[in-house]
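Asks: One structure coming up, written as structure tokens, with questions to follow.
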Amino acid sequence: MQPQLGLARPRGMRARPDLVPWLAGLALLSLLATIAIREGSARSGHPLPAEVDRAAGLAVWWIYWGSVVFFGLAVIRRWRNTYFRWRTAATMVSQTFFGVLLAGPLKAHLGVPPLWQRLHLTWPLHPSVITPYQERTFPIVFAYGVIVSLIAWPLISYLIGMRYCSWFCFCGNLAESLGDSFRTKGPKGPNWQSADSIAYLILAAAAACTALLWAPLAWPFQWYDLIVGLLLADIIGLGLYPVLGSRVWCRFFCPLRAMLGWYARRGRFAIYTSDQRCIECGTCNRYCEMGIDVRLRARHGVPLRDTECVACGACIAVCPRYALSFYPFPTADQATAARNVASLRRPFRRQLATPRES
Amino acid sequence: MAPYVIIGNGVAAINAAEAVRAHGDRTPITILTDQECAFYSRPCLYYIMLGRIQWEDAWGRPDRFYRDHGIALRCGTQVSCVNAEGHTVEVEGHGPISYSRLLLASGTRGRMLPWAEERLRGIVTLNTLVDVSNITGLLRNSARAVVVGGGLTSIELVEVCRHWGVPATFIMRGDRFLAAQLNEEEAELVHRRLRGDGVEVITKEEVQSVQGRGGRVSLAVMRSGREIPCDIVGCAVGVTPNRELAEAAGGEIDRGIVVDDGMRTTLPDFLAAGDVAQVRRPDGSAAPSEMLWYVAADMGRVAGSNMAGGDEHYHPRVFLNVSEFCGLDFCGVGSIVPGQENVDETVVREGRGEGSIRLVARDGVLIGACFVGDIRLSDIARGVVEQGARLAELRGDHPLRLLVERASA
């Protein structure tokens with residue numbers, strides 16, 4: 001039924017090997033192997049020598065940081081797009097500052113105080129930030145965790161969407177840099193979309209386990225840490241990059257994504273669409289790492305706002321007809337209003353800087 | 001109840017079927033199409049051939065769409081005639097199918113010049129997915145291509161040849177490319193960029209005949225007598241509406257099928273939508289069909305809900321067409337035909353890279369804008385055209401106002 005198109009590359013063009021996906025695979029494997037050896041030995045009762053374990057811990061950090069920077073530069077080179085440049089630069093800065101300097105391999109050399117080491121943590125992705133342990137020993141960390149996790153990031157998500165995931169998050173930034181080569185691998189379709197709600201179960205589990213710590217009951221939390229923290233986040237989340245796309249953890253399992261998404265999809269963030277421009281090519285769907293049916297919104301000309309979009313900007317950048325934008329396409333009413341109302345100036349000015357360059 | 005029959009499987013047909021279901025009507029729908037595949041996006045074909053879009057993405061609906069919507073899709077069928085009185089369509093090799101309501105959304109086909117009727121491998125058009133497979137197959141063993149035509153489809157063929165490393169000759173009958181939308185300067189920019197890319201652009205010229213060797217095209221002969229050896233001849237000289245069924249059934253015909261704003265033809269229970277339909281204006285004349293994707297989708301939705309017993313009316317929107325060729329973005333908004341009467345044209349050269357913005361105003365009211373190169377202001381212009389605002393009344397720092405002032409300064 002489907003005709004075979006027999007497309008090959010244009011004549012005269014030699015196959016130019018693209019090394020980035022192979023390097024990404026290599027980085028992924030080394031990251032996985034180090035984590036697996038370390039966690040496996042610790043949990044199986046045959047701990048590594050302290051020196052080796054420390055070195056392996058540092059190696060994970062440096063491979064992670066190196067991947068974010070190196071593949072981030074590859075992203076900037078591949079996507080010649082202003083929004084991508086800013087976003088990728090932000091990820092590099094946040095991973096260098098909050099990760100390597102404050103929480104990572106350099107914290108011992110720099111003598112970073114405990115509160116500063118935990119600035120990047122957000123409950124429930126890092127459940128340890130809101131625990132009785134934190135409350136007793138580091139009340140400031142506990143208060144910080146509550147405010148940032150339960151108030152600040154939800155509010156930001158409500159206002160400008162889940163920028164946390166694409167601009168700041170440790171997992172998300174790896175997905176956006178190292179995972180960029182695997183961006184289109186994510187499974188699409190309504191069945192996979194409904195699988196996204198697994199994350200809500202994990203959010204509930206995280207909340208229950210955290211609450212039980214006050215009981216005090218530690219074993220549910222330990223099991224949560226093993227199943228979600230190790231198996232789903234590290235092994236499946238990283239290991240299935242080449243199969244289920246770079247956002248497999250974020251899409252299906254991440255409890256923080258579920259929590260922020262609840263606010264974001266009720267919030268003000270939207271990707272605006274123009275059905276006069278859309279030709280239903282489906283490229284937006286292909287590049288969406290979260291498996292959102294962007295085309296469905298675009299062909300009806302309705303804004304995409306009822307989803308857990310992480311605002312990566314890929315659909316906007318790849319649309320061949322400029323049918324998508326972070327800013328509203330002016331309608332007649334808005335043009336009328338813009339004659340007099342100064343409040344519409346910003347979207348208009350931003351429309352001038354539609355984030356798409358050749 | 002006899003099923004609703006839709007002839008055609010394009011964007012108008014699919015949107016009509018969806019609108020029928022959205023209206024809560026569970027009557028069976030039969031879609032008859034002469035193509036051998038499910039619904040796909042026609043404007044994508046260009047991008048598919050450029051390698052910008054994966055062809056798997058161009059399937060417009062999920063695999064389950066037809067089943068979920070209770071639509072019987074019958075591929076590869078040829079409808080030979082419609083009996084509007086008896087409410088039947090005659091399918092070749094099958095016999096009559098009765099219908100309760102009929103929608104003709106058969107679209108258009110590429111207009112063929114006499115030489116293009118010859119049965120030679122290498123004479124190509126760009127209308128269907130099959131053409132894509134045909135063209136990409138041919139391009140791999142071709143040394144030179146000749147493309148005839150002056151519209152968007154022809155430049156798509158030229159760009160595809162260029163992309164695949166086949167030198168092309170671009171022959172148009174008129175004096176410039178896309179004469180219905182670009183003025184001389186804008187078209188000259190396109191010609192210059194094409195020539196810079198190694199495309200030979202010949203204006204005011206026609207292909208007289210095509211000669212072949214061994215069943216494959218080998219030579220194109222111009223009207224002037226010049227002969228161009230070539231392996232591919234692309235013919236993209238406009239389209240012909242597939243209106244024959246309605247014509248034979250006795251419906252009102254202009255270029256396409258004339259319909260009212262509810263997409264009903266003059267025949268009972270017989271609707272038409274998409275590129276084949278022309279909507280009757282209030283003054284009785286038939287509006288030329290715009291041949292755009294969103295127009296067909298809009299018409300299909302109206303036709304579908306009217307088939308299901310609704311009373312919807314089609315309201316044309318401000319013309320907006322986006323395209324891309326020789327590294328230039330192009331966006332036409334509203335009425336931008338060059339050389340209209342009683343209009344003021346303001347041409348601004350601004351923005352990123354080469355190109356220009358042409359604002360067309362009548363009595364101070366913006367009626368159209370033509371963007372070549374930098375198209376970022378196109379939707380703002382569309383908003384202003386839609387609203388019918390006078391340029392002088394726009395806010396002082398409105399981007400279009402600033403453009404006009406800078407042009408006059």
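Chain identifiers are assigned as A, B, and so on, following the order in which chains appear in the structure tokens; residues are numbered from 1 within each chain, and ligands are numbered from 1 in order of appearance.
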Near range 322-327 of chain B, counting only C-alpha atoms, which residues have an atom at most 9 Å away, once you skip same-chain residues fewer than 6 positions from it, shown as a ChimeraX atom specification?
Replies: /A:277,320-322,358 /B:152,155-156,159,190,193-194,197,333,373,375
Asks: Keeping only C-alpha atoms, take the residues you just selected and write them out as a PDB file, in the first residue's frame.
Replies:
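The result, stored in again_20.pdb:
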```
ATOM      1  CA  ARG A 277       0.768  27.778   7.171  1.00  0.00           C
ATOM      2  CA  PRO A 320       9.384  24.264   6.988  1.00  0.00           C
ATOM      3  CA  ARG A 321       6.550  26.790   6.825  1.00  0.00           C
ATOM      4  CA  TYR A 322       7.041  28.740  10.045  1.00  0.00           C
ATOM      5  CA  SER A 358      18.805  29.315   8.479  1.00  0.00           C
TER       6      SER A 358
ATOM      7  CA  LEU B 152       5.675  27.246  -7.632  1.00  0.00           C
ATOM      8  CA  ILE B 155      10.543  25.926  -9.228  1.00  0.00           C
ATOM      9  CA  GLU B 156      10.099  23.024  -6.859  1.00  0.00           C
ATOM     10  CA  GLU B 159      15.200  23.009  -6.857  1.00  0.00           C
ATOM     11  CA  VAL B 190      14.897  34.811  -7.923  1.00  0.00           C
ATOM     12  CA  ARG B 193      19.856  33.419  -7.439  1.00  0.00           C
ATOM     13  CA  LEU B 194      18.833  30.533  -9.673  1.00  0.00           C
ATOM     14  CA  ASP B 197      23.135  28.195  -8.479  1.00  0.00           C
ATOM     15  CA  VAL B 333      -0.339  37.795   1.997  1.00  0.00           C
ATOM     16  CA  GLY B 373      13.724  36.723   1.845  1.00  0.00           C
ATOM     17  CA  ILE B 375       9.226  36.781   6.060  1.00  0.00           C
TER      18      ILE B 375
END
```
Asks: Find the spatial neighbours of Leu32 in chain A, counting only C-alpha atoms, within a cut-off of 12 Å - ignore same-chain residues fewer than 5 positions away - and output them as a PyMOL selection string.
Replies: chain A and resi 25-27+37-40+56+59-60+63-64+230-231+233-241
Asks: Mind dumping the selected residues with N, CA and C atoms as an mmCIF file, in the first residue's frame?
Replies:
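Result file out.cif:
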```
data_model
loop_
_atom_site.group_PDB
_atom_site.id
_atom_site.type_symbol
_atom_site.label_atom_id
_atom_site.label_comp_id
_atom_site.auth_asym_id
_atom_site.auth_seq_id
_atom_site.Cartn_x
_atom_site.Cartn_y
_atom_site.Cartn_z
ATOM 1 N N GLY A 25 26.888 7.649 21.733
ATOM 2 C CA GLY A 25 26.703 6.281 22.186
ATOM 3 C C GLY A 25 27.818 5.835 23.112
ATOM 4 N N LEU A 26 29.056 6.223 22.760
ATOM 5 C CA LEU A 26 30.223 5.872 23.568
ATOM 6 C C LEU A 26 30.116 6.495 24.956
ATOM 7 N N ALA A 27 29.784 7.797 24.981
ATOM 8 C CA ALA A 27 29.650 8.487 26.269
ATOM 9 C C ALA A 27 28.556 7.836 27.105
ATOM 10 N N ILE A 37 28.665 -0.484 37.558
ATOM 11 C CA ILE A 37 29.710 -1.116 38.380
ATOM 12 C C ILE A 37 29.631 -0.594 39.806
ATOM 13 N N ARG A 38 29.489 0.724 39.909
ATOM 14 C CA ARG A 38 29.507 1.340 41.231
ATOM 15 C C ARG A 38 28.307 0.884 42.064
ATOM 16 N N GLU A 39 27.121 1.037 41.471
ATOM 17 C CA GLU A 39 25.903 0.697 42.210
ATOM 18 C C GLU A 39 25.826 -0.805 42.449
ATOM 19 N N GLY A 40 26.211 -1.573 41.410
ATOM 20 C CA GLY A 40 26.136 -3.017 41.532
ATOM 21 C C GLY A 40 27.000 -3.523 42.672
ATOM 22 N N ALA A 56 35.483 6.401 40.617
ATOM 23 C CA ALA A 56 34.357 6.110 39.726
ATOM 24 C C ALA A 56 33.279 7.188 39.870
ATOM 25 N N ALA A 59 34.398 10.072 38.028
ATOM 26 C CA ALA A 59 34.326 9.807 36.583
ATOM 27 C C ALA A 59 32.919 10.048 36.069
ATOM 28 N N VAL A 60 31.911 9.610 36.835
ATOM 29 C CA VAL A 60 30.529 9.842 36.407
ATOM 30 C C VAL A 60 30.296 11.334 36.226
ATOM 31 N N ILE A 63 32.289 12.632 33.097
ATOM 32 C CA ILE A 63 31.695 12.188 31.818
ATOM 33 C C ILE A 63 30.398 12.952 31.577
ATOM 34 N N TYR A 64 29.631 13.100 32.656
ATOM 35 C CA TYR A 64 28.365 13.827 32.521
ATOM 36 C C TYR A 64 28.619 15.250 32.060
ATOM 37 N N LEU A 230 17.501 4.107 40.549
ATOM 38 C CA LEU A 230 18.545 3.377 39.818
ATOM 39 C C LEU A 230 18.002 2.767 38.532
ATOM 40 N N LEU A 231 16.943 1.954 38.694
ATOM 41 C CA LEU A 231 16.472 1.190 37.538
ATOM 42 C C LEU A 231 15.848 2.094 36.470
ATOM 43 N N ALA A 233 15.550 5.610 36.311
ATOM 44 C CA ALA A 233 16.234 6.835 35.898
ATOM 45 C C ALA A 233 17.553 6.531 35.220
ATOM 46 N N ASP A 234 18.392 5.709 35.870
ATOM 47 C CA ASP A 234 19.736 5.527 35.323
ATOM 48 C C ASP A 234 19.778 4.445 34.252
ATOM 49 N N ILE A 235 19.321 3.246 34.615
ATOM 50 C CA ILE A 235 19.514 2.125 33.685
ATOM 51 C C ILE A 235 18.581 2.261 32.480
ATOM 52 N N ILE A 236 17.274 2.372 32.739
ATOM 53 C CA ILE A 236 16.333 2.474 31.609
ATOM 54 C C ILE A 236 16.404 3.857 30.988
ATOM 55 N N GLY A 237 16.423 4.873 31.826
ATOM 56 C CA GLY A 237 16.405 6.247 31.329
ATOM 57 C C GLY A 237 17.569 6.552 30.407
ATOM 58 N N LEU A 238 18.764 6.095 30.789
ATOM 59 C CA LEU A 238 19.924 6.336 29.927
ATOM 60 C C LEU A 238 20.067 5.242 28.881
ATOM 61 N N GLY A 239 19.863 4.007 29.334
ATOM 62 C CA GLY A 239 20.154 2.888 28.451
ATOM 63 C C GLY A 239 19.255 2.823 27.239
ATOM 64 N N LEU A 240 18.043 3.330 27.359
ATOM 65 C CA LEU A 240 17.115 3.236 26.233
ATOM 66 C C LEU A 240 17.084 4.497 25.371
ATOM 67 N N TYR A 241 18.033 5.406 25.586
ATOM 68 C CA TYR A 241 18.138 6.580 24.689
ATOM 69 C C TYR A 241 18.026 6.188 23.219
#
```
Asks: So which residues touch range 155-164 of chain A within 7 Å, counting only C-alpha atoms, skipping near sequence neighbours fewer than 3 positions away, as a PyMOL selection string?
Replies: chain A and resi 151-152+167-169+260-261+263-264+266-269+309-311
Asks: Tell me which protein, DNA and RNA residues are within 9 Å of Asn342 in chain B, counting only C-alpha atoms, leaving out same-chain ones fewer than 2 positions away, and put them as a list in words.
Replies: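 Result of the neighbour search: Gln340, Asp344, Ala361, Arg362 and Asp363 of chain B.
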Asks: Those residues you just picked out, can you put them in a file as a PDB file, in the first residue's frame with N, CA and C atoms?
Replies:
```pdb
ATOM      1  N   GLN B 340      -1.845  46.039 -10.151  1.00  0.00           N
ATOM      2  CA  GLN B 340      -3.273  46.280  -9.916  1.00  0.00           C
ATOM      3  C   GLN B 340      -3.568  47.760 -10.087  1.00  0.00           C
ATOM      4  N   ASP B 344      -1.168  51.751  -4.084  1.00  0.00           N
ATOM      5  CA  ASP B 344       0.148  52.306  -3.774  1.00  0.00           C
ATOM      6  C   ASP B 344       1.025  51.158  -3.324  1.00  0.00           C
ATOM      7  N   ALA B 361      -1.230  48.851  -0.855  1.00  0.00           N
ATOM      8  CA  ALA B 361      -2.331  49.517  -0.158  1.00  0.00           C
ATOM      9  C   ALA B 361      -3.261  50.152  -1.179  1.00  0.00           C
ATOM     10  N   ARG B 362      -4.559  50.090  -0.879  1.00  0.00           N
ATOM     11  CA  ARG B 362      -5.525  50.784  -1.723  1.00  0.00           C
ATOM     12  C   ARG B 362      -6.252  51.781  -0.831  1.00  0.00           C
ATOM     13  N   ASP B 363      -6.244  53.049  -1.205  1.00  0.00           N
ATOM     14  CA  ASP B 363      -6.835  54.123  -0.400  1.00  0.00           C
ATOM     15  C   ASP B 363      -6.300  54.102   1.036  1.00  0.00           C
TER      16      ASP B 363
END
```
Asks: Just want the 10 Å neighbourhood of Gly212 in chain B, counted on only C-alpha atoms, with same-chain residues fewer than 3 positions away dropped. Output as an NGL selection string.
Replies: :B and (118-122 or 215-220 or 229-231)
Asks: Keeping only C-alpha atoms, write the selected residues to a file as a PDB file, in the first residue's frame.
Replies:
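Listed below is the output, result-v4.pdb:
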```
ATOM      1  CA  GLU B 118       4.113  11.395 -25.475  1.00  0.00           C
ATOM      2  CA  ARG B 119       4.820   8.088 -23.858  1.00  0.00           C
ATOM      3  CA  LEU B 120       8.462   8.624 -22.985  1.00  0.00           C
ATOM      4  CA  ARG B 121      10.227   7.872 -19.741  1.00  0.00           C
ATOM      5  CA  GLY B 122      11.568  11.111 -18.350  1.00  0.00           C
ATOM      6  CA  GLY B 215      11.826   5.142 -24.830  1.00  0.00           C
ATOM      7  CA  ARG B 216      13.677   7.775 -22.796  1.00  0.00           C
ATOM      8  CA  VAL B 217      13.642  11.519 -23.352  1.00  0.00           C
ATOM      9  CA  SER B 218      16.784  12.721 -25.092  1.00  0.00           C
ATOM     10  CA  LEU B 219      16.112  16.134 -26.574  1.00  0.00           C
ATOM     11  CA  ALA B 220      13.846  19.115 -26.005  1.00  0.00           C
ATOM     12  CA  PRO B 229      19.824  17.475 -24.827  1.00  0.00           C
ATOM     13  CA  CYS B 230      18.198  16.292 -21.624  1.00  0.00           C
ATOM     14  CA  ASP B 231      17.061  13.198 -19.752  1.00  0.00           C
TER      15      ASP B 231
END
```
Asks: Write out as a VMD selection string each polymer residue whose atoms come within 9 Å of range 287-295 of chain B, counting only C-alpha atoms; drop sequence neighbours fewer than 2 positions from it.
Replies: (chain A and resid 275 to 279 299) or (chain B and resid 11 to 12 41 to 43 107 to 108 255 to 256 258 274 to 281 285 297 to 300 316 to 317 319 to 321)
Asks: May I have the selected residues written with C-alpha atoms, as a PDB file, in the first residue's frame?
Replies:
```pdb
ATOM      1  CA  ASP A 275      -3.279  26.454  10.266  1.00  0.00           C
ATOM      2  CA  GLN A 276      -2.896  28.700   7.241  1.00  0.00           C
ATOM      3  CA  ARG A 277       0.768  27.778   7.171  1.00  0.00           C
ATOM      4  CA  CYS A 278       0.663  24.166   8.280  1.00  0.00           C
ATOM      5  CA  ILE A 279       0.991  21.603   5.496  1.00  0.00           C
ATOM      6  CA  ARG A 299      -3.672  21.726  11.466  1.00  0.00           C
TER       7      ARG A 299
ATOM      8  CA  VAL B  11      -7.257  17.144   2.372  1.00  0.00           C
ATOM      9  CA  ALA B  12     -10.788  18.318   1.521  1.00  0.00           C
ATOM     10  CA  SER B  41       0.198  15.759   2.422  1.00  0.00           C
ATOM     11  CA  ARG B  42       0.661  17.020  -1.109  1.00  0.00           C
ATOM     12  CA  PRO B  43       2.714  20.179  -0.269  1.00  0.00           C
ATOM     13  CA  GLY B 107      -8.781  18.084  -6.848  1.00  0.00           C
ATOM     14  CA  THR B 108      -6.756  18.935  -9.899  1.00  0.00           C
ATOM     15  CA  ARG B 255     -13.042  26.469 -14.525  1.00  0.00           C
ATOM     16  CA  GLY B 256     -13.957  24.109 -11.749  1.00  0.00           C
ATOM     17  CA  VAL B 258     -19.337  26.158  -9.079  1.00  0.00           C
ATOM     18  CA  GLY B 274     -11.225  21.581  -2.449  1.00  0.00           C
ATOM     19  CA  ASP B 275      -9.262  22.661  -5.499  1.00  0.00           C
ATOM     20  CA  VAL B 276     -11.992  21.441  -7.831  1.00  0.00           C
ATOM     21  CA  ALA B 277     -14.594  23.785  -6.347  1.00  0.00           C
ATOM     22  CA  GLN B 278     -15.163  27.447  -7.029  1.00  0.00           C
ATOM     23  CA  VAL B 279     -17.322  29.343  -4.589  1.00  0.00           C
ATOM     24  CA  ARG B 280     -19.979  31.614  -6.065  1.00  0.00           C
ATOM     25  CA  ARG B 281     -19.561  35.206  -4.964  1.00  0.00           C
ATOM     26  CA  SER B 285     -19.600  35.130 -10.506  1.00  0.00           C
ATOM     27  CA  ALA B 297      -9.305  21.956   4.496  1.00  0.00           C
ATOM     28  CA  ASP B 298     -11.756  24.764   5.288  1.00  0.00           C
ATOM     29  CA  MET B 299     -13.973  23.838   2.349  1.00  0.00           C
ATOM     30  CA  GLY B 300     -13.875  20.189   3.345  1.00  0.00           C
ATOM     31  CA  PRO B 316     -12.655  32.851   2.641  1.00  0.00           C
ATOM     32  CA  ARG B 317      -9.708  33.930   4.735  1.00  0.00           C
ATOM     33  CA  PHE B 319      -4.762  34.641   1.221  1.00  0.00           C
ATOM     34  CA  LEU B 320      -1.535  33.427   2.757  1.00  0.00           C
ATOM     35  CA  ASN B 321       1.008  31.254   1.047  1.00  0.00           C
TER      36      ASN B 321
END
```
Asks: Running DSSP on the backbone, which parts of range 111-349 of chain A land in strand (DSSP E or B), as a PDB file with C-alpha atoms, in the first residue's frame?
Replies:
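Final file, selection.pdb:
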```
ATOM      1  CA  ILE A 271       3.162  27.062  21.379  1.00  0.00           C
ATOM      2  CA  TYR A 272       1.013  28.983  18.960  1.00  0.00           C
ATOM      3  CA  THR A 273       0.143  27.531  15.590  1.00  0.00           C
ATOM      4  CA  LEU A 304      -0.546  23.697  21.982  1.00  0.00           C
ATOM      5  CA  LEU A 324       4.720  27.418  14.977  1.00  0.00           C
ATOM      6  CA  SER A 325       5.853  30.094  17.389  1.00  0.00           C
TER       7      SER A 325
END
```
Asks: Please report the interatomic distance between CA of Leu267 in chain B and CA of Glu90 in chain B in Å with one decimal.
Replies: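 CA of Leu267 in chain B sits 16.7 Å away from CA of Glu90 in chain B.
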Asks: Residues near range 247-251 of chain A, anyone? I mean within 9 Å using only C-alpha atoms, not counting same-chain ones fewer than 5 positions away, as a list of chain:residue names.
Replies: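 Surrounding residues, per the criterion: A:Cys165, A:Cys171, A:Gly172, A:Ala175, A:Glu176, A:Gly179, A:Arg183, A:Gly186, A:Gln193, A:Ala195, A:Asp196, A:Ser197, A:Ile198, A:Ala199, A:Leu232, A:Ala233, A:Asp234, A:Ile236, A:Gly237, A:Leu238, A:Leu240, A:Tyr241, A:Leu256, A:Arg257, A:Ala258, A:Glu289, A:Met290, A:Gly291, A:Glu308.
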Asks: Write the residues of the preceding selection, restricted to C-alpha atoms, as an mmCIF file, in the first residue's frame.
Replies:
```
data_model
loop_
_atom_site.group_PDB
_atom_site.id
_atom_site.type_symbol
_atom_site.label_atom_id
_atom_site.label_comp_id
_atom_site.auth_asym_id
_atom_site.auth_seq_id
_atom_site.Cartn_x
_atom_site.Cartn_y
_atom_site.Cartn_z
ATOM 1 C CA CYS A 165 13.248 20.464 32.031
ATOM 2 C CA CYS A 171 18.555 14.721 33.324
ATOM 3 C CA GLY A 172 16.934 17.086 30.863
ATOM 4 C CA ALA A 175 18.834 14.605 27.041
ATOM 5 C CA GLU A 176 19.172 17.897 25.183
ATOM 6 C CA GLY A 179 20.542 12.837 23.608
ATOM 7 C CA ARG A 183 15.786 13.000 19.572
ATOM 8 C CA GLY A 186 10.764 8.606 20.777
ATOM 9 C CA GLN A 193 0.915 9.286 25.088
ATOM 10 C CA ALA A 195 1.721 5.828 29.005
ATOM 11 C CA ASP A 196 2.968 9.262 30.081
ATOM 12 C CA SER A 197 0.697 9.054 33.126
ATOM 13 C CA ILE A 198 2.933 6.391 34.675
ATOM 14 C CA ALA A 199 4.817 9.422 35.949
ATOM 15 C CA LEU A 232 14.120 3.670 35.865
ATOM 16 C CA ALA A 233 16.234 6.835 35.898
ATOM 17 C CA ASP A 234 19.736 5.527 35.323
ATOM 18 C CA ILE A 236 16.333 2.474 31.609
ATOM 19 C CA GLY A 237 16.405 6.247 31.329
ATOM 20 C CA LEU A 238 19.924 6.336 29.927
ATOM 21 C CA LEU A 240 17.115 3.236 26.233
ATOM 22 C CA TYR A 241 18.138 6.580 24.689
ATOM 23 C CA LEU A 256 8.971 16.093 38.840
ATOM 24 C CA ARG A 257 7.864 16.273 35.206
ATOM 25 C CA ALA A 258 4.469 15.000 36.331
ATOM 26 C CA GLU A 289 11.030 14.340 22.191
ATOM 27 C CA MET A 290 7.963 14.226 24.421
ATOM 28 C CA GLY A 291 5.849 12.499 21.790
ATOM 29 C CA GLU A 308 3.725 18.535 29.082
#
```
Asks: Taking only C-alpha atoms into account, which residues of chain B are within 6 Å of chain A, as a list in words?
Replies: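 So the residues of chain B near chain A are Cys37, Cys44, Asp57, Ala58, Ser133, Trp164, Gly165, Tyr294, Arg376, Ile380, Gly383, Val384, Glu386, Gln387, Leu394 and Arg395 of chain B.
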Asks: For those residues, write N, CA and C atoms to a file as an mmCIF file, in the first residue's frame.
Replies:
```cif
data_model
loop_
_atom_site.group_PDB
_atom_site.id
_atom_site.type_symbol
_atom_site.label_atom_id
_atom_site.label_comp_id
_atom_site.auth_asym_id
_atom_site.auth_seq_id
_atom_site.Cartn_x
_atom_site.Cartn_y
_atom_site.Cartn_z
ATOM 1 N N CYS B 37 -2.865 4.713 -2.226
ATOM 2 C CA CYS B 37 -2.380 4.814 -0.852
ATOM 3 C C CYS B 37 -3.328 5.687 -0.030
ATOM 4 N N CYS B 44 3.992 18.504 0.970
ATOM 5 C CA CYS B 44 5.230 17.945 1.517
ATOM 6 C C CYS B 44 6.135 17.362 0.449
ATOM 7 N N ASP B 57 6.602 10.561 7.508
ATOM 8 C CA ASP B 57 5.891 11.577 8.275
ATOM 9 C C ASP B 57 4.728 12.175 7.494
ATOM 10 N N ALA B 58 4.771 12.046 6.177
ATOM 11 C CA ALA B 58 3.793 12.749 5.357
ATOM 12 C C ALA B 58 2.426 12.073 5.363
ATOM 13 N N SER B 133 8.342 9.180 -6.402
ATOM 14 C CA SER B 133 9.155 7.987 -6.585
ATOM 15 C C SER B 133 9.679 7.924 -8.012
ATOM 16 N N TRP B 164 19.759 17.438 -6.291
ATOM 17 C CA TRP B 164 20.270 16.117 -6.605
ATOM 18 C C TRP B 164 21.424 16.168 -7.598
ATOM 19 N N GLY B 165 21.915 17.362 -7.849
ATOM 20 C CA GLY B 165 23.107 17.489 -8.666
ATOM 21 C C GLY B 165 22.868 17.312 -10.146
ATOM 22 N N TYR B 294 -4.869 25.075 3.201
ATOM 23 C CA TYR B 294 -5.838 25.405 4.244
ATOM 24 C C TYR B 294 -7.203 25.734 3.652
ATOM 25 N N ARG B 376 9.525 37.434 8.390
ATOM 26 C CA ARG B 376 9.123 37.384 9.796
ATOM 27 C C ARG B 376 7.938 38.290 10.103
ATOM 28 N N ILE B 380 2.091 39.539 10.961
ATOM 29 C CA ILE B 380 1.614 40.854 11.393
ATOM 30 C C ILE B 380 0.882 41.518 10.232
ATOM 31 N N GLY B 383 -2.529 40.008 9.850
ATOM 32 C CA GLY B 383 -3.464 40.559 10.818
ATOM 33 C C GLY B 383 -4.012 41.900 10.371
ATOM 34 N N VAL B 384 -3.130 42.748 9.838
ATOM 35 C CA VAL B 384 -3.565 44.081 9.428
ATOM 36 C C VAL B 384 -4.463 44.000 8.193
ATOM 37 N N GLU B 386 -6.347 41.468 7.323
ATOM 38 C CA GLU B 386 -7.603 40.856 7.749
ATOM 39 C C GLU B 386 -8.515 41.895 8.391
ATOM 40 N N GLN B 387 -7.901 42.786 9.121
ATOM 41 C CA GLN B 387 -8.665 43.753 9.881
ATOM 42 C C GLN B 387 -9.053 44.945 9.010
ATOM 43 N N LEU B 394 -2.272 52.993 12.113
ATOM 44 C CA LEU B 394 -1.583 52.039 12.977
ATOM 45 C C LEU B 394 -0.775 52.781 14.022
ATOM 46 N N ARG B 395 -0.588 52.104 15.143
ATOM 47 C CA ARG B 395 0.176 52.673 16.231
ATOM 48 C C ARG B 395 1.540 53.155 15.722
#
```
Asks: Taking the backbone alone, and naming residues the way the document does, which bits of range 62-177 of chain A are alpha helix (DSSP H) by DSSP, as a PyMOL selection string?
Replies: chain A and resi 62-78+82-94+107-110+114-117+132-137+139-147+153-160+163+170-177
